[in-house]
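Undergrad: Sharing final.cif, mmCIF, C-alpha atoms:
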data_run
loop_
_atom_site.label_atom_id
_atom_site.label_comp_id
_atom_site.auth_asym_id
_atom_site.auth_seq_id
_atom_site.Cartn_x
_atom_site.Cartn_y
_atom_site.Cartn_z
CA MET A 1 10.54 247.79 -77.05
CA ALA A 2 10.21 251.32 -78.36
CA LYS A 3 11.36 254.28 -76.31
CA VAL A 4 9.17 257.12 -75.07
CA MET A 5 10.82 260.51 -74.67
CA ILE A 6 9.02 263.28 -72.77
CA MET A 7 10.78 266.51 -73.70
CA ASP A 8 12.22 268.53 -70.83
CA HIS A 9 14.04 271.22 -72.82
CA PRO A 10 13.26 274.64 -71.30
CA LEU A 11 12.54 276.27 -74.68
CA ILE A 12 10.05 273.55 -75.59
CA GLN A 13 8.29 273.85 -72.23
CA HIS A 14 8.19 277.65 -72.47
CA LYS A 15 6.64 277.61 -75.93
CA ILE A 16 4.10 274.94 -74.96
CA GLY A 17 3.03 277.23 -72.13
CA LEU A 18 2.47 280.02 -74.66
CA ILE A 19 0.27 277.94 -76.97
CA ARG A 20 -1.84 276.76 -74.05
CA ARG A 21 -2.93 280.33 -73.33
CA LYS A 22 -6.45 281.14 -74.41
CA GLU A 23 -5.43 284.61 -75.62
CA THR A 24 -2.78 283.28 -78.06
CA GLY A 25 -4.17 284.02 -81.54
CA SER A 26 -3.91 281.85 -84.65
CA ARG A 27 -0.88 283.63 -86.12
CA ASP A 28 1.23 283.26 -82.99
CA PHE A 29 -0.13 279.77 -82.36
CA ARG A 30 0.98 278.63 -85.84
CA LEU A 31 4.45 280.13 -85.41
CA LEU A 32 4.91 278.57 -81.99
CA VAL A 33 3.73 275.12 -83.12
CA GLY A 34 6.30 275.26 -85.93
CA GLU A 35 9.04 276.31 -83.51
CA ILE A 36 8.13 273.55 -81.05
CA ALA A 37 8.21 270.99 -83.88
CA MET A 38 11.65 272.22 -84.93
CA LEU A 39 13.02 271.91 -81.40
CA MET A 40 11.45 268.48 -80.95
CA CYS A 41 12.88 267.35 -84.29
CA TYR A 42 16.34 268.32 -83.03
CA GLU A 43 15.89 265.95 -80.08
CA ALA A 44 14.17 263.19 -82.07
CA THR A 45 16.97 262.98 -84.66
CA ARG A 46 19.74 262.68 -82.07
CA ASP A 47 20.40 259.03 -82.97
CA LEU A 48 20.71 259.46 -86.75
CA LYS A 49 23.86 257.76 -88.00
CA LEU A 50 26.85 259.73 -89.29
CA LYS A 51 29.64 258.83 -91.71
CA ASP A 52 33.14 260.21 -92.27
CA VAL A 53 33.72 262.18 -95.48
CA GLU A 54 36.84 263.83 -96.83
CA ILE A 55 36.29 267.52 -97.59
CA GLU A 56 38.44 270.34 -98.97
CA MET A 57 38.60 273.42 -96.76
CA PRO A 58 40.14 276.83 -97.49
CA ILE A 59 43.19 275.87 -95.40
CA CYS A 60 43.53 272.10 -95.76
CA ARG A 61 41.70 268.82 -96.24
CA MET A 62 39.95 267.14 -93.31
CA THR A 63 37.59 264.34 -92.36
CA ALA A 64 34.16 265.73 -91.53
CA ARG A 65 31.01 263.97 -90.34
CA GLU A 66 27.78 264.01 -92.31
CA LEU A 67 24.47 262.15 -92.20
CA GLU A 68 24.82 258.64 -93.53
CA GLY A 69 22.49 259.25 -96.47
CA LYS A 70 19.44 258.20 -94.47
CA LYS A 71 16.19 258.89 -96.30
CA LEU A 72 13.61 260.65 -94.14
CA ALA A 73 9.93 261.50 -94.54
CA VAL A 74 7.49 263.61 -92.53
CA VAL A 75 3.86 262.47 -92.53
CA PRO A 76 1.40 264.82 -90.81
CA ILE A 77 -2.03 263.59 -89.77
CA LEU A 78 -4.43 266.07 -91.35
CA ARG A 79 -5.26 268.65 -90.59
CA ALA A 80 -3.59 269.75 -87.37
CA GLY A 81 -0.37 267.87 -88.18
CA LEU A 82 0.26 270.32 -91.03
CA GLY A 83 1.21 272.90 -88.41
CA MET A 84 4.32 270.87 -87.51
CA VAL A 85 5.63 270.23 -91.03
CA ASP A 86 7.48 273.50 -91.70
CA GLY A 87 9.29 273.28 -88.38
CA MET A 88 10.38 269.74 -89.17
CA LEU A 89 11.60 270.75 -92.62
CA GLU A 90 13.66 273.57 -91.13
CA MET A 91 15.76 270.85 -89.50
CA ILE A 92 15.58 268.15 -92.22
CA PRO A 93 14.94 270.06 -95.49
CA ALA A 94 15.67 267.04 -97.71
CA ALA A 95 12.83 265.01 -96.17
CA LYS A 96 9.84 264.16 -98.34
CA VAL A 97 6.33 264.85 -97.09
CA GLY A 98 3.28 262.57 -97.17
CA HIS A 99 -0.22 263.19 -95.84
CA ILE A 100 -2.73 261.04 -93.99
CA GLY A 101 -6.28 262.33 -93.60
CA LEU A 102 -8.28 261.11 -90.62
CA TYR A 103 -11.13 262.65 -88.69
CA ARG A 104 -12.60 261.58 -85.38
CA ASN A 105 -16.16 260.33 -85.25
CA GLU A 106 -17.55 262.45 -82.43
CA GLU A 107 -19.82 259.64 -81.21
CA THR A 108 -17.45 256.67 -81.26
CA LEU A 109 -14.24 258.77 -80.94
CA GLU A 110 -12.72 256.39 -83.52
CA PRO A 111 -10.81 257.62 -86.62
CA VAL A 112 -12.27 257.60 -90.13
CA GLU A 113 -9.82 257.64 -93.09
CA TYR A 114 -10.47 260.02 -95.98
CA TYR A 115 -7.02 260.60 -97.57
CA CYS A 116 -3.59 258.98 -97.87
CA LYS A 117 -0.79 260.19 -100.15
CA LEU A 118 2.76 259.08 -99.44
CA PRO A 119 6.16 259.41 -101.16
CA GLN A 120 6.62 256.62 -103.68
CA ASP A 121 9.65 255.26 -101.82
CA CYS A 122 8.13 255.73 -98.37
CA ALA A 123 8.82 252.10 -97.41
CA GLU A 124 12.56 252.81 -97.73
CA ARG A 125 12.48 255.86 -95.46
CA ASP A 126 12.56 256.63 -91.76
CA VAL A 127 9.13 258.20 -91.27
CA PHE A 128 8.15 260.81 -88.68
CA VAL A 129 4.39 260.81 -88.11
CA VAL A 130 3.39 264.16 -86.59
CA ASP A 131 0.23 265.39 -84.87
CA PRO A 132 0.07 268.10 -82.19
CA MET A 133 -2.27 266.11 -79.95
CA LEU A 134 -2.30 262.48 -78.82
CA ALA A 135 -5.68 262.15 -77.11
CA THR A 136 -7.42 258.77 -77.34
CA GLY A 137 -4.67 257.57 -79.67
CA GLY A 138 -7.18 256.37 -82.26
CA SER A 139 -6.00 258.53 -85.16
CA SER A 140 -2.30 258.02 -84.47
CA VAL A 141 -2.65 254.26 -84.10
CA ALA A 142 -4.64 254.09 -87.34
CA ALA A 143 -2.19 256.31 -89.26
CA ILE A 144 0.78 254.21 -88.20
CA GLN A 145 -1.04 251.02 -89.15
CA MET A 146 -1.71 252.51 -92.61
CA LEU A 147 2.02 253.11 -93.01
CA LYS A 148 2.89 249.60 -91.87
CA ASP A 149 0.35 248.17 -94.31
CA LYS A 150 2.25 249.98 -97.08
CA GLY A 151 5.55 248.44 -96.06
CA VAL A 152 7.03 251.19 -93.87
CA LYS A 153 9.18 249.61 -91.18
CA LYS A 154 10.94 252.52 -89.43
CA ILE A 155 8.41 254.87 -87.86
CA ARG A 156 8.66 257.52 -85.16
CA PHE A 157 5.73 259.46 -83.73
CA MET A 158 5.89 263.06 -82.51
CA CYS A 159 3.22 265.02 -80.69
CA ILE A 160 3.28 268.23 -78.68
CA ILE A 161 0.78 267.22 -75.99
CA ALA A 162 -0.31 263.70 -75.00
CA ALA A 163 -2.85 262.21 -72.63
CA PRO A 164 -1.76 259.15 -70.62
CA GLU A 165 -4.59 257.10 -72.19
CA GLY A 166 -3.42 257.80 -75.73
CA LEU A 167 0.23 257.20 -74.88
CA GLU A 168 -0.57 253.83 -73.31
CA ARG A 169 -2.64 252.81 -76.34
CA MET A 170 0.20 253.74 -78.69
CA LYS A 171 2.71 251.76 -76.65
CA ARG A 172 0.36 248.77 -76.54
CA GLU A 173 -0.62 248.68 -80.23
CA HIS A 174 2.69 249.84 -81.76
CA PRO A 175 5.44 248.79 -79.36
CA ASP A 176 8.04 249.13 -82.13
CA VAL A 177 7.42 252.89 -82.68
CA ASP A 178 9.51 255.45 -80.78
CA ILE A 179 7.34 258.23 -79.33
CA TYR A 180 8.41 261.83 -78.70
CA VAL A 181 6.12 263.97 -76.53
CA GLY A 182 6.40 267.66 -75.71
CA ALA A 183 4.25 267.45 -72.56
CA LEU A 184 2.34 264.62 -70.90
CA ASP A 185 -0.94 265.96 -69.52
CA ASP A 186 -3.31 264.67 -66.85
CA HIS A 187 -6.26 262.86 -68.46
CA LEU A 188 -9.03 262.83 -71.07
CA ASN A 189 -12.42 264.34 -70.27
CA GLU A 190 -15.77 262.72 -71.11
CA ASN A 191 -15.59 264.17 -74.64
CA GLY A 192 -12.16 262.70 -75.36
CA TYR A 193 -10.30 266.01 -75.06
CA ILE A 194 -6.98 266.33 -73.26
CA VAL A 195 -7.03 268.07 -69.86
CA PRO A 196 -5.54 270.62 -69.44
CA GLY A 197 -4.58 270.43 -73.15
CA LEU A 198 -5.00 273.54 -75.26
CA GLY A 199 -8.36 273.11 -76.98
CA ASP A 200 -8.72 272.01 -80.60
CA ALA A 201 -5.26 272.34 -82.20
CA GLY A 202 -6.62 272.35 -85.76
CA ASP A 203 -9.09 275.14 -85.05
CA ARG A 204 -6.42 277.20 -83.32
CA ILE A 205 -3.86 276.71 -86.09
CA PHE A 206 -6.22 277.59 -88.92
CA GLY A 207 -8.50 280.08 -87.13
CA THR A 208 -11.65 278.01 -87.58
CA LYS A 209 -12.82 277.94 -83.98
#
Let me see the file written as structure tokens.
TA:
Amino acid sequence: MAKVMIMDHPLIQHKIGLIRRKETGSRDFRLLVGEIAMLMCYEATRDLKLKDVEIEMPICRMTARELEGKKLAVVPILRAGLGMVDGMLEMIPAAKVGHIGLYRNEETLEPVEYYCKLPQDCAERDVFVVDPMLATGGSSVAAIQMLKDKGVKKIRFMCIIAAPEGLERMKREHPDVDIYVGALDDHLNENGYIVPGLGDAGDRIFGTK
């Protein structure tokens, strides 16, 4: 069974409070989303394996610890997920980046695929799927299924804000995927938006509201 981690780090909670504010403009919103993603990435990579390596220092030789050559990839769900990529790459700069394009049908609330471009060796990598919001869970569930259909076996999902309904759907449909959540909110409203949430993350990141 996959694990679910609700972040309790004070810096993450502080910055989430800032992006929730109505008066936070697109520039600051983008910067904060990137910073939150970076902090969450720090927590989500805590279990990466290390190996011992012999290194030469200015004073002597020693055995240091480095990542065990694990291949990583970051796959944002377009378009809002793009806001989390730079923060992730600050922590794991060698990771490759793929893109999955989904939009939500406003009547059915179900995802519709329009784009998928992944690293050629994606099936060999540990993949972080990122999207600021986990609302109904439709887009995230569909994106992860797309990755599985292409042979990806090790998948983690990261979101900044989740609704209980979306989190339960993710756990039910992808019980093998670890989930990292910045804040778990109260519920979805009749339009499928998270309450209290922060509005439309894509519009706020790109200034299209």
Undergrad: Evaluate the PyMOL selection byres ((chain A and resi 19) around 9) and record the selected residues as a list in words, following the chain and residue labels used in the document.
TA: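 On the file shown, the PyMOL selection byres ((chain A and resi 19) around 9) covers Lys15, Ile16, Gly17, Leu18, Arg20, Arg21, Lys22, Glu23, Thr24, Gly25, Asp28, Phe29, Arg30, Leu32, Val33 and Leu198 of chain A.
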Undergrad: Compile the contact shell of A:Gly192 as a PyMOL selection string: residues with an atom at most 9 Å away, counting all atoms listed in the file, same-chain residues fewer than 2 positions apart removed.
TA: chain A and resi 106+109+135-136+188-190+194
Undergrad: Taking into account only C-alpha atoms, which residue in the set A:Val85, A:Met133, A:Ala73, A:Val97 is nearest to A:Ala37?
TA: A:Val85
Undergrad: Please report, as AutoDock Vina command-line options, the centre and edge lengths in Å to one decimal of an axis-aligned box covering all listed atoms of stretch 5-22 of chain A with 5 Å per side.
TA:
--center_x 3.8 --center_y 270.8 --center_z -73.9 --size_x 30.5 --size_y 30.6 --size_z 16.1
Undergrad: Name every residue that the PyMOL selection byres ((chain A and resi 165-179) around 7) selects in this structure, writing the answer as a list in words with chains first and numbers rising.
TA: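 Evaluating the PyMOL selection byres ((chain A and resi 165-179) around 7) on this file yields Met1, Ala2, Lys3, Val4, Met5, Leu134, Ala135, Thr136, Gly137, Val141, Ile155, Arg156, Phe157, Met158, Ala162, Ala163, Pro164, Tyr180 and Val181 of chain A.
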Undergrad: Quick one: pull the distance between atom CA of A:Leu50 and atom CA of A:Glu68, Å, one decimal.
TA: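 Distance reported for this atom pair: 4.8 Å.
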Undergrad: Kindly indicate which residue among A:Ser26, A:Ala123, A:Glu54, A:Tyr115 lies nearest to A:Ala201, using all atoms listed in the file for the distances.
TA: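 Smallest distance to A:Ala201 is found for A:Ser26.
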Undergrad: Pick out the closest residue to A:Asp52 from this set: A:Ala64, A:Ile6, A:Ile12, A:Leu147. Count all atoms listed in the file.
TA: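 Using all atoms listed in the file, A:Asp52 sits closest to A:Ala64.
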Undergrad: Could you pull stretch 121-134 of chain A out of the structure I just pasted and write it to a file containing all heavy atoms, as an mmCIF file, in the first residue's frame?
TA:
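Here's the written file selection01.cif:
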data_model
loop_
_atom_site.group_PDB
_atom_site.id
_atom_site.type_symbol
_atom_site.label_atom_id
_atom_site.label_comp_id
_atom_site.auth_asym_id
_atom_site.auth_seq_id
_atom_site.Cartn_x
_atom_site.Cartn_y
_atom_site.Cartn_z
ATOM 1 N N ASP A 121 13.504 7.223 -22.006
ATOM 2 C CA ASP A 121 13.757 6.143 -21.049
ATOM 3 C C ASP A 121 12.896 6.285 -19.795
ATOM 4 O O ASP A 121 13.282 5.848 -18.721
ATOM 5 C CB ASP A 121 15.238 6.107 -20.669
ATOM 6 C CG ASP A 121 15.700 7.401 -20.013
ATOM 7 O OD1 ASP A 121 14.942 8.401 -20.009
ATOM 8 O OD2 ASP A 121 16.833 7.431 -19.481
ATOM 9 N N CYS A 122 11.730 6.884 -19.943
ATOM 10 C CA CYS A 122 10.882 7.184 -18.789
ATOM 11 C C CYS A 122 10.541 5.929 -17.983
ATOM 12 O O CYS A 122 10.435 5.978 -16.749
ATOM 13 C CB CYS A 122 9.601 7.878 -19.247
ATOM 14 S SG CYS A 122 8.775 8.816 -17.941
ATOM 15 N N ALA A 123 10.373 4.797 -18.659
ATOM 16 C CA ALA A 123 10.009 3.563 -17.970
ATOM 17 C C ALA A 123 11.087 3.105 -16.996
ATOM 18 O O ALA A 123 10.808 2.325 -16.075
ATOM 19 C CB ALA A 123 9.711 2.458 -18.987
ATOM 20 N N GLU A 124 12.324 3.594 -17.176
ATOM 21 C CA GLU A 124 13.432 3.201 -16.309
ATOM 22 C C GLU A 124 13.630 4.180 -15.151
ATOM 23 O O GLU A 124 14.530 3.994 -14.328
ATOM 24 C CB GLU A 124 14.726 3.129 -17.127
ATOM 25 C CG GLU A 124 14.663 2.159 -18.290
ATOM 26 C CD GLU A 124 15.837 2.335 -19.238
ATOM 27 O OE1 GLU A 124 16.858 2.929 -18.810
ATOM 28 O OE2 GLU A 124 15.736 1.886 -20.392
ATOM 29 N N ARG A 125 12.814 5.202 -15.077
ATOM 30 C CA ARG A 125 13.021 6.269 -14.101
ATOM 31 C C ARG A 125 11.995 6.246 -12.981
ATOM 32 O O ARG A 125 10.889 5.730 -13.143
ATOM 33 C CB ARG A 125 12.984 7.638 -14.804
ATOM 34 C CG ARG A 125 14.137 7.835 -15.757
ATOM 35 C CD ARG A 125 14.086 9.166 -16.484
ATOM 36 N NE ARG A 125 15.282 9.309 -17.310
ATOM 37 C CZ ARG A 125 16.407 9.906 -16.913
ATOM 38 N NH1 ARG A 125 16.456 10.473 -15.731
ATOM 39 N NH2 ARG A 125 17.457 9.965 -17.702
ATOM 40 N N ASP A 126 12.376 6.831 -11.852
ATOM 41 C CA ASP A 126 11.420 7.168 -10.803
ATOM 42 C C ASP A 126 10.776 8.483 -11.226
ATOM 43 O O ASP A 126 11.468 9.481 -11.429
ATOM 44 C CB ASP A 126 12.131 7.361 -9.461
ATOM 45 C CG ASP A 126 12.370 6.040 -8.751
ATOM 46 O OD1 ASP A 126 12.312 5.002 -9.427
ATOM 47 O OD2 ASP A 126 12.631 6.058 -7.537
ATOM 48 N N VAL A 127 9.456 8.483 -11.371
ATOM 49 C CA VAL A 127 8.762 9.646 -11.940
ATOM 50 C C VAL A 127 7.947 10.368 -10.867
ATOM 51 O O VAL A 127 7.169 9.749 -10.129
ATOM 52 C CB VAL A 127 7.837 9.209 -13.090
ATOM 53 C CG1 VAL A 127 7.040 10.397 -13.620
ATOM 54 C CG2 VAL A 127 8.672 8.581 -14.220
ATOM 55 N N PHE A 128 8.146 11.688 -10.801
ATOM 56 C CA PHE A 128 7.336 12.553 -9.947
ATOM 57 C C PHE A 128 6.300 13.251 -10.822
ATOM 58 O O PHE A 128 6.657 14.084 -11.658
ATOM 59 C CB PHE A 128 8.202 13.602 -9.249
ATOM 60 C CG PHE A 128 9.130 13.048 -8.207
ATOM 61 C CD1 PHE A 128 10.367 12.538 -8.557
ATOM 62 C CD2 PHE A 128 8.769 13.043 -6.867
ATOM 63 C CE1 PHE A 128 11.241 12.036 -7.599
ATOM 64 C CE2 PHE A 128 9.626 12.534 -5.901
ATOM 65 C CZ PHE A 128 10.856 12.025 -6.268
ATOM 66 N N VAL A 129 5.032 12.914 -10.652
ATOM 67 C CA VAL A 129 3.952 13.621 -11.332
ATOM 68 C C VAL A 129 3.552 14.797 -10.441
ATOM 69 O O VAL A 129 3.308 14.610 -9.242
ATOM 70 C CB VAL A 129 2.745 12.702 -11.580
ATOM 71 C CG1 VAL A 129 1.596 13.470 -12.219
ATOM 72 C CG2 VAL A 129 3.158 11.525 -12.462
ATOM 73 N N VAL A 130 3.510 16.010 -11.021
ATOM 74 C CA VAL A 130 3.240 17.192 -10.193
ATOM 75 C C VAL A 130 2.073 17.998 -10.755
ATOM 76 O O VAL A 130 1.932 18.178 -11.963
ATOM 77 C CB VAL A 130 4.495 18.092 -10.056
ATOM 78 C CG1 VAL A 130 5.608 17.343 -9.340
ATOM 79 C CG2 VAL A 130 4.996 18.589 -11.407
ATOM 80 N N ASP A 131 1.235 18.463 -9.852
ATOM 81 C CA ASP A 131 0.097 19.321 -10.180
ATOM 82 C C ASP A 131 -0.262 20.061 -8.896
ATOM 83 O O ASP A 131 -0.386 19.419 -7.847
ATOM 84 C CB ASP A 131 -1.087 18.484 -10.657
ATOM 85 C CG ASP A 131 -2.163 19.314 -11.360
ATOM 86 O OD1 ASP A 131 -2.038 20.547 -11.383
ATOM 87 O OD2 ASP A 131 -3.120 18.713 -11.879
ATOM 88 N N PRO A 132 -0.402 21.381 -8.936
ATOM 89 C CA PRO A 132 -0.675 22.108 -7.686
ATOM 90 C C PRO A 132 -1.935 21.654 -6.969
ATOM 91 O O PRO A 132 -1.987 21.656 -5.740
ATOM 92 C CB PRO A 132 -0.797 23.571 -8.141
ATOM 93 C CG PRO A 132 -0.011 23.649 -9.403
ATOM 94 C CD PRO A 132 -0.208 22.311 -10.062
ATOM 95 N N MET A 133 -2.970 21.257 -7.722
ATOM 96 C CA MET A 133 -4.260 20.958 -7.113
ATOM 97 C C MET A 133 -4.696 19.520 -7.395
ATOM 98 O O MET A 133 -4.625 19.050 -8.533
ATOM 99 C CB MET A 133 -5.333 21.913 -7.639
ATOM 100 C CG MET A 133 -4.941 23.379 -7.644
ATOM 101 S SD MET A 133 -4.722 24.065 -6.007
ATOM 102 C CE MET A 133 -6.433 24.365 -5.553
ATOM 103 N N LEU A 134 -5.172 18.838 -6.362
ATOM 104 C CA LEU A 134 -5.802 17.532 -6.510
ATOM 105 C C LEU A 134 -7.250 17.718 -6.076
ATOM 106 O O LEU A 134 -7.563 17.692 -4.888
ATOM 107 C CB LEU A 134 -5.100 16.485 -5.637
ATOM 108 C CG LEU A 134 -5.708 15.079 -5.620
ATOM 109 C CD1 LEU A 134 -5.698 14.468 -7.006
ATOM 110 C CD2 LEU A 134 -4.966 14.191 -4.626
#
